[in-house]
Protein chains: 2
Amino acid sequence: MDGPLHERVAADLRRRIRSGDLPVGAAVPSESQLCEQWGASRGPIRQALATLRSEGLIGGGRGKPPVVRTRTMPQPFETFLSFSRWAEQMGHQPGQRTLEISRRPASAEAADALAVDEGEPVVQLLRLRLLDGVPTMIERTTFVWDAGRWLFDFDCDSGSVLAYLTGRGVDLSRARHMIDAIVADETDAELLTVSPGAALLRERRRTSSADGRPVEYSDDRYRPDLVSFTIDNSQQARPALLRSPLGELP
Amino acid sequence: MDGPLHERVAADLRRRIRSGDLPVGAAVPSESQLCEQWGASRGPIRQALATLRSEGLIGGGRGKPPVVRTRTMPQPFETFLSFSRWAEQMGHQPGQRTLEISRRPASAEAADALAVDEGEPVVQLLRLRLLDGVPTMIERTTFVWDAGRWLFDFDCDSGSVLAYLTGRGVDLSRARHMIDAIVADETDAELLTVSPGAALLRERRRTSSADGRPVEYSDDRYRPDLVSFTIDNSQQARPALLRSPLGELP
């Protein structure tokens with residue numbers, strides 16, 4: 001990973017927390033230890049620790065050494081549109097396993113979201129998304145036929161479906177996200193390696209063309225112990241959202 | 001409720017859906033029926049129905065009459081900072097029941113969030129928030145002592161705590177929100193009248209002064225069958241977030 005030293009230090013610590021090398025409750029290496037490890041001055045080390053503190057991953061301190069508080073990775077809305085891009089920015093390896101791609105009649109829910117008739121053919125994609133090899137999210141996406149048909153010629157394990165579709169001329173300009181919570185069903189539990197009945201964080205998303213024609217509808221379920229969503233806002237300024245608009249997806 | 005006719009029609013339909021007068025699966029009154037009920041032309045009626053459709057509350061149509069799909073109310077991020085204001089904008093009656101206000105030593109989690117020492121005195125507020133009398137959200141808020149002490153002179157059942165504190169000169173300029181999902185514990189289940197083990201939508205929020213000094217930390221748990229969060233974004237423009245900055249809370 002390239003980038004400023006403080007970002008590399010932060011990414012390395014996040015990776016160690018995530019992997020369990022630094023478990024919840026463990027003391028974070030001291031500033032001196034980190035300075036030595038990285039051959040760095042205190043400035044970037046302190047900046048890295050401040051970042052992790054603001055993300056809630058570490059806490060304590062103020063006299064005592066800081067400790068690991070949680071393994072959960074925050075997903076800022078700035079990178080909300082691309083799982084792969086978010087993972088890479090956090091210094092993690094994104095992955096995906098395509099479980100099914102099919103042409104089938106639109107369900108009532110998909111028909112509503114995509115403004116097609118119930119039973120009209122649509123393309124459905126079921127993918128498991130991974131972070132550093134750990135199952136993290138299940139993606140159930142339905143595409144209108146005109147857009148989704150391209151996917152039968154694409155290896156959905158190879159990278160970003162949205163970037164591929166954009167390259168085929170599919171207009172994915174606008175998105176509406178609905179966020180709620182849902183209890184894991186048996187499929188969710190098996191794929192995400194949680195107990196049936198665990199609470200999952202769900203994002204349902206409808207993506208449309210610039211003129212408002214729906215293109216895809218997705219039901220994405222995250223393990224909340226691994227990912228949460230974050231948003232910052234302030235009285236002075238609008239939040240710095242969407243620095244990575246959909247058209248720039250990797 | 002004042003406002004344009006189409007908003008009043010939409011608010012009335014939302015209220016009927018929420019109350020169960022129009023249960024999930026029921027047909028929505030036809031355009032002609034609504035025109036007659038409101039003494040209105042088709043324009044505003046269609047606009048109201050389009051709004052509810054975009055919110056996911058109703059679906060179907062395209063030849064067949066639309067039906068109710070869900071009771072869940074979307075909470076846009078524009079109004080994310082004030083439960084009361086959001087409820088009012090949706091044509092609902094917000095309410096609150098203060099269950100406890102106390103001075104106590106900061107827990108490890110609160111100490112991290114508020115950048116105080118563990119055990120330092122803080123003010124904790126536990127409130128149940130209601131929509132049209134229905135328990136909808138549990139708010140567990142911890143204030144630094146300097147800000148929270150004002151609350152012992154305030155009737156927390158009477159309205160917006162944040163607006164009251166702003167009036168006392170407390171600076172609540174910036175907020176960071178973390179959104180995840182959590183299984184209801186026994187207290188949650190009893191207060192929100194759900195089964196223990198139900199999935200709840202959680203927002204944890206830290207609000208700070210303009211110069212970054214933490215003022216409050218809150219853990220708010222919503223019934224996801226009653227409220228979800230929504231956000232819109234597009235390639236062309238930044239999302240229209242935060243039209244209601246914290247300083248303007250009612």
# chains A, B, ... in the order shown; residues from 1 in each chain; ligands from 1
>>> residues_around(residues="segment 187-189 of chain B", least_positions_apart="4", cutoff="12 Å", atoms="only C-alpha atoms", output="ChimeraX atom specification")
/B:99,126-128,135-140,182-183,193-202,219-223
>>> select_by_dssp(residues="segment 89-132 of chain A", states="strand (DSSP E or B)", output="VMD selection string")
chain A and resid 94 to 105 121 to 131
>>> closest_residue(among="B:Pro121, B:Gly169, B:Gly159, B:Gly59", to="chain A", atoms="only C-alpha atoms")
B:Gly59
>>> closest_residue(among="B:Glu109, B:Trp86, B:Gln124, B:Leu22", to="Val67 of chain A", atoms="only C-alpha atoms")
B:Glu109
>>> closest_residue(among="B:Asp171, B:Ile179, B:Leu151, B:Arg15", to="Glu100 of chain B", atoms="only C-alpha atoms")
B:Leu151
>>> residues_around(residues="Thr70 of chain B", least_positions_apart="6", cutoff="8 Å", atoms="only C-alpha atoms", output="PyMOL selection string")
chain B and resi 24+56-58
>>> select_by_dssp(residues="segment 9-246 of chain A", states="helix (DSSP H, G or I)", output="ChimeraX atom specification")
/A:9-19,31-38,42-54,77-79,83-89,108-114,145-153,161-167,186-192,246
>>> write_last_selection(atoms="C-alpha atoms", output="short mmCIF file (atom, residue, chain, number, x, y, z; two decimals), in the first residue's frame")
data_model
loop_
_atom_site.label_atom_id
_atom_site.label_comp_id
_atom_site.auth_asym_id
_atom_site.auth_seq_id
_atom_site.Cartn_x
_atom_site.Cartn_y
_atom_site.Cartn_z
CA VAL A 9 0.70 2.73 10.00
CA ALA A 10 -3.07 3.04 10.53
CA ALA A 11 -3.80 0.43 7.85
CA ASP A 12 -1.29 -1.98 9.37
CA LEU A 13 -2.81 -1.61 12.84
CA ARG A 14 -6.32 -2.11 11.42
CA ARG A 15 -5.12 -5.30 9.73
CA ARG A 16 -3.63 -6.56 12.99
CA ILE A 17 -6.85 -5.78 14.86
CA ARG A 18 -8.96 -7.45 12.21
CA SER A 19 -6.82 -10.58 12.06
CA GLU A 31 4.36 5.08 20.55
CA SER A 32 8.03 4.22 21.11
CA GLN A 33 7.54 0.67 19.86
CA LEU A 34 5.72 1.89 16.76
CA CYS A 35 8.38 4.56 16.12
CA GLU A 36 11.01 1.84 16.24
CA GLN A 37 9.02 -0.59 14.10
CA TRP A 38 8.46 2.00 11.36
CA ARG A 42 6.27 10.51 16.77
CA GLY A 43 4.21 12.79 14.47
CA PRO A 44 2.89 10.18 12.00
CA ILE A 45 2.56 7.54 14.73
CA ARG A 46 0.38 9.84 16.82
CA GLN A 47 -1.66 10.76 13.75
CA ALA A 48 -2.27 7.07 12.99
CA LEU A 49 -3.35 6.40 16.58
CA ALA A 50 -5.65 9.45 16.53
CA THR A 51 -7.29 8.11 13.36
CA LEU A 52 -7.95 4.71 14.91
CA ARG A 53 -9.26 6.40 18.03
CA SER A 54 -11.68 8.53 15.99
CA PHE A 77 -20.45 7.10 3.05
CA GLU A 78 -17.78 8.62 0.86
CA THR A 79 -16.88 5.14 -0.32
CA PHE A 83 -17.13 -2.32 -1.53
CA SER A 84 -13.85 -3.01 -3.35
CA ARG A 85 -12.71 0.58 -3.27
CA TRP A 86 -13.57 0.99 0.40
CA ALA A 87 -11.67 -2.16 1.30
CA GLU A 88 -8.61 -1.05 -0.63
CA GLN A 89 -8.62 2.39 0.96
CA ALA A 108 -43.02 -8.33 -6.49
CA GLU A 109 -40.31 -6.49 -4.53
CA ALA A 110 -37.90 -6.31 -7.48
CA ALA A 111 -40.70 -5.29 -9.83
CA ASP A 112 -41.58 -2.37 -7.53
CA ALA A 113 -37.98 -1.27 -7.20
CA LEU A 114 -37.19 -1.57 -10.90
CA TRP A 145 -32.71 -7.25 -18.40
CA ASP A 146 -31.12 -4.62 -20.68
CA ALA A 147 -28.33 -4.02 -18.20
CA GLY A 148 -28.02 -7.43 -16.54
CA ARG A 149 -27.72 -9.45 -19.77
CA TRP A 150 -24.12 -8.18 -20.11
CA LEU A 151 -23.20 -10.09 -16.97
CA PHE A 152 -23.56 -13.47 -18.66
CA ASP A 153 -20.40 -12.51 -20.60
CA VAL A 161 -19.71 -5.39 -11.73
CA LEU A 162 -20.72 -1.73 -11.70
CA ALA A 163 -17.46 -0.63 -13.33
CA TYR A 164 -17.91 -3.32 -16.01
CA LEU A 165 -21.49 -2.24 -16.71
CA THR A 166 -20.47 1.43 -16.86
CA GLY A 167 -17.91 0.38 -19.47
CA GLU A 186 -30.33 -19.80 7.37
CA THR A 187 -28.63 -18.87 4.08
CA ASP A 188 -27.27 -15.64 5.55
CA ALA A 189 -26.00 -17.44 8.61
CA GLU A 190 -24.26 -20.16 6.66
CA LEU A 191 -22.60 -17.81 4.17
CA LEU A 192 -21.58 -15.21 6.75
CA LEU A 246 -20.35 6.19 -9.07
#
>>> decode(residues="segment 92-132 of chain B", atoms="N, CA and C atoms", output="mmCIF file, in the first residue's frame")
data_model
loop_
_atom_site.group_PDB
_atom_site.id
_atom_site.type_symbol
_atom_site.label_atom_id
_atom_site.label_comp_id
_atom_site.auth_asym_id
_atom_site.auth_seq_id
_atom_site.Cartn_x
_atom_site.Cartn_y
_atom_site.Cartn_z
ATOM 1 N N HIS B 92 -46.386 13.055 11.561
ATOM 2 C CA HIS B 92 -46.604 12.236 12.746
ATOM 3 C C HIS B 92 -46.380 13.025 14.013
ATOM 4 N N GLN B 93 -46.948 12.509 15.091
ATOM 5 C CA GLN B 93 -46.806 13.136 16.387
ATOM 6 C C GLN B 93 -45.609 12.522 17.109
ATOM 7 N N PRO B 94 -44.527 13.296 17.310
ATOM 8 C CA PRO B 94 -43.411 12.748 18.081
ATOM 9 C C PRO B 94 -43.733 12.784 19.573
ATOM 10 N N GLY B 95 -43.108 11.885 20.316
ATOM 11 C CA GLY B 95 -43.306 11.885 21.756
ATOM 12 C C GLY B 95 -42.084 11.331 22.446
ATOM 13 N N GLN B 96 -41.975 11.563 23.741
ATOM 14 C CA GLN B 96 -40.862 11.002 24.482
ATOM 15 C C GLN B 96 -41.273 10.729 25.921
ATOM 16 N N ARG B 97 -40.666 9.714 26.482
ATOM 17 C CA ARG B 97 -40.894 9.395 27.888
ATOM 18 C C ARG B 97 -39.513 9.243 28.514
ATOM 19 N N THR B 98 -39.194 10.156 29.419
ATOM 20 C CA THR B 98 -37.896 10.096 30.078
ATOM 21 C C THR B 98 -37.950 9.027 31.160
ATOM 22 N N LEU B 99 -37.049 8.046 31.058
ATOM 23 C CA LEU B 99 -37.068 6.939 32.007
ATOM 24 C C LEU B 99 -36.065 7.164 33.116
ATOM 25 N N GLU B 100 -34.998 7.901 32.820
ATOM 26 C CA GLU B 100 -33.976 8.101 33.842
ATOM 27 C C GLU B 100 -33.069 9.243 33.426
ATOM 28 N N ILE B 101 -32.740 10.091 34.390
ATOM 29 C CA ILE B 101 -31.641 11.024 34.169
ATOM 30 C C ILE B 101 -30.775 10.946 35.412
ATOM 31 N N SER B 102 -29.478 10.772 35.197
ATOM 32 C CA SER B 102 -28.628 10.513 36.354
ATOM 33 C C SER B 102 -27.239 11.096 36.154
ATOM 34 N N ARG B 103 -26.603 11.371 37.265
ATOM 35 C CA ARG B 103 -25.189 11.700 37.264
ATOM 36 C C ARG B 103 -24.462 10.440 37.689
ATOM 37 N N ARG B 104 -23.496 10.017 36.907
ATOM 38 C CA ARG B 104 -22.791 8.797 37.286
ATOM 39 C C ARG B 104 -21.387 8.790 36.684
ATOM 40 N N PRO B 105 -20.542 7.857 37.131
ATOM 41 C CA PRO B 105 -19.178 7.795 36.586
ATOM 42 C C PRO B 105 -19.189 7.298 35.142
ATOM 43 N N ALA B 106 -18.361 7.897 34.301
ATOM 44 C CA ALA B 106 -18.302 7.516 32.886
ATOM 45 C C ALA B 106 -17.840 6.075 32.732
ATOM 46 N N SER B 107 -18.564 5.307 31.890
ATOM 47 C CA SER B 107 -18.119 3.959 31.527
ATOM 48 C C SER B 107 -16.926 4.068 30.584
ATOM 49 N N ALA B 108 -16.285 2.930 30.334
ATOM 50 C CA ALA B 108 -15.127 2.945 29.427
ATOM 51 C C ALA B 108 -15.530 3.448 28.048
ATOM 52 N N GLU B 109 -16.698 2.989 27.547
ATOM 53 C CA GLU B 109 -17.148 3.377 26.218
ATOM 54 C C GLU B 109 -17.441 4.881 26.160
ATOM 55 N N ALA B 110 -18.157 5.385 27.170
ATOM 56 C CA ALA B 110 -18.485 6.815 27.198
ATOM 57 C C ALA B 110 -17.224 7.646 27.364
ATOM 58 N N ALA B 111 -16.300 7.170 28.189
ATOM 59 C CA ALA B 111 -15.045 7.900 28.409
ATOM 60 C C ALA B 111 -14.274 8.043 27.097
ATOM 61 N N ASP B 112 -14.220 6.948 26.320
ATOM 62 C CA ASP B 112 -13.573 7.021 25.004
ATOM 63 C C ASP B 112 -14.244 8.063 24.125
ATOM 64 N N ALA B 113 -15.567 7.952 24.053
ATOM 65 C CA ALA B 113 -16.301 8.797 23.105
ATOM 66 C C ALA B 113 -16.218 10.261 23.502
ATOM 67 N N LEU B 114 -16.225 10.531 24.801
ATOM 68 C CA LEU B 114 -16.272 11.921 25.270
ATOM 69 C C LEU B 114 -14.886 12.448 25.627
ATOM 70 N N ALA B 115 -13.865 11.616 25.480
ATOM 71 C CA ALA B 115 -12.493 12.028 25.797
ATOM 72 C C ALA B 115 -12.386 12.534 27.229
ATOM 73 N N VAL B 116 -13.059 11.822 28.141
ATOM 74 C CA VAL B 116 -12.883 12.101 29.567
ATOM 75 C C VAL B 116 -12.272 10.850 30.206
ATOM 76 N N ASP B 117 -11.871 10.968 31.444
ATOM 77 C CA ASP B 117 -11.338 9.796 32.123
ATOM 78 C C ASP B 117 -12.479 8.873 32.544
ATOM 79 N N GLU B 118 -12.199 7.580 32.495
ATOM 80 C CA GLU B 118 -13.162 6.604 32.988
ATOM 81 C C GLU B 118 -13.440 6.955 34.445
ATOM 82 N N GLY B 119 -14.734 6.976 34.809
ATOM 83 C CA GLY B 119 -15.083 7.276 36.187
ATOM 84 C C GLY B 119 -15.361 8.745 36.459
ATOM 85 N N GLU B 120 -15.000 9.618 35.541
ATOM 86 C CA GLU B 120 -15.303 11.051 35.693
ATOM 87 C C GLU B 120 -16.828 11.226 35.640
ATOM 88 N N PRO B 121 -17.405 12.177 36.402
ATOM 89 C CA PRO B 121 -18.871 12.286 36.389
ATOM 90 C C PRO B 121 -19.404 12.766 35.034
ATOM 91 N N VAL B 122 -20.462 12.105 34.578
ATOM 92 C CA VAL B 122 -21.168 12.485 33.342
ATOM 93 C C VAL B 122 -22.664 12.422 33.631
ATOM 94 N N VAL B 123 -23.469 12.923 32.704
ATOM 95 C CA VAL B 123 -24.922 12.886 32.868
ATOM 96 C C VAL B 123 -25.497 11.915 31.847
ATOM 97 N N GLN B 124 -26.289 10.978 32.340
ATOM 98 C CA GLN B 124 -26.887 9.993 31.433
ATOM 99 C C GLN B 124 -28.389 10.150 31.381
ATOM 100 N N LEU B 125 -28.900 10.065 30.150
ATOM 101 C CA LEU B 125 -30.332 10.242 29.916
ATOM 102 C C LEU B 125 -30.829 9.023 29.157
ATOM 103 N N LEU B 126 -31.894 8.430 29.654
ATOM 104 C CA LEU B 126 -32.512 7.289 28.968
ATOM 105 C C LEU B 126 -33.936 7.704 28.610
ATOM 106 N N ARG B 127 -34.219 7.766 27.305
ATOM 107 C CA ARG B 127 -35.554 8.179 26.877
ATOM 108 C C ARG B 127 -36.119 7.205 25.859
ATOM 109 N N LEU B 128 -37.401 6.984 25.956
ATOM 110 C CA LEU B 128 -38.124 6.224 24.942
ATOM 111 C C LEU B 128 -38.784 7.235 24.017
ATOM 112 N N ARG B 129 -38.546 7.090 22.707
ATOM 113 C CA ARG B 129 -39.151 8.010 21.745
ATOM 114 C C ARG B 129 -40.317 7.321 21.057
ATOM 115 N N LEU B 130 -41.384 8.075 20.839
ATOM 116 C CA LEU B 130 -42.597 7.500 20.272
ATOM 117 C C LEU B 130 -43.007 8.222 19.000
ATOM 118 N N LEU B 131 -43.670 7.490 18.112
ATOM 119 C CA LEU B 131 -44.286 8.069 16.915
ATOM 120 C C LEU B 131 -45.768 7.771 17.017
ATOM 121 N N ASP B 132 -46.591 8.813 17.094
ATOM 122 C CA ASP B 132 -48.030 8.605 17.243
ATOM 123 C C ASP B 132 -48.315 7.637 18.387
#
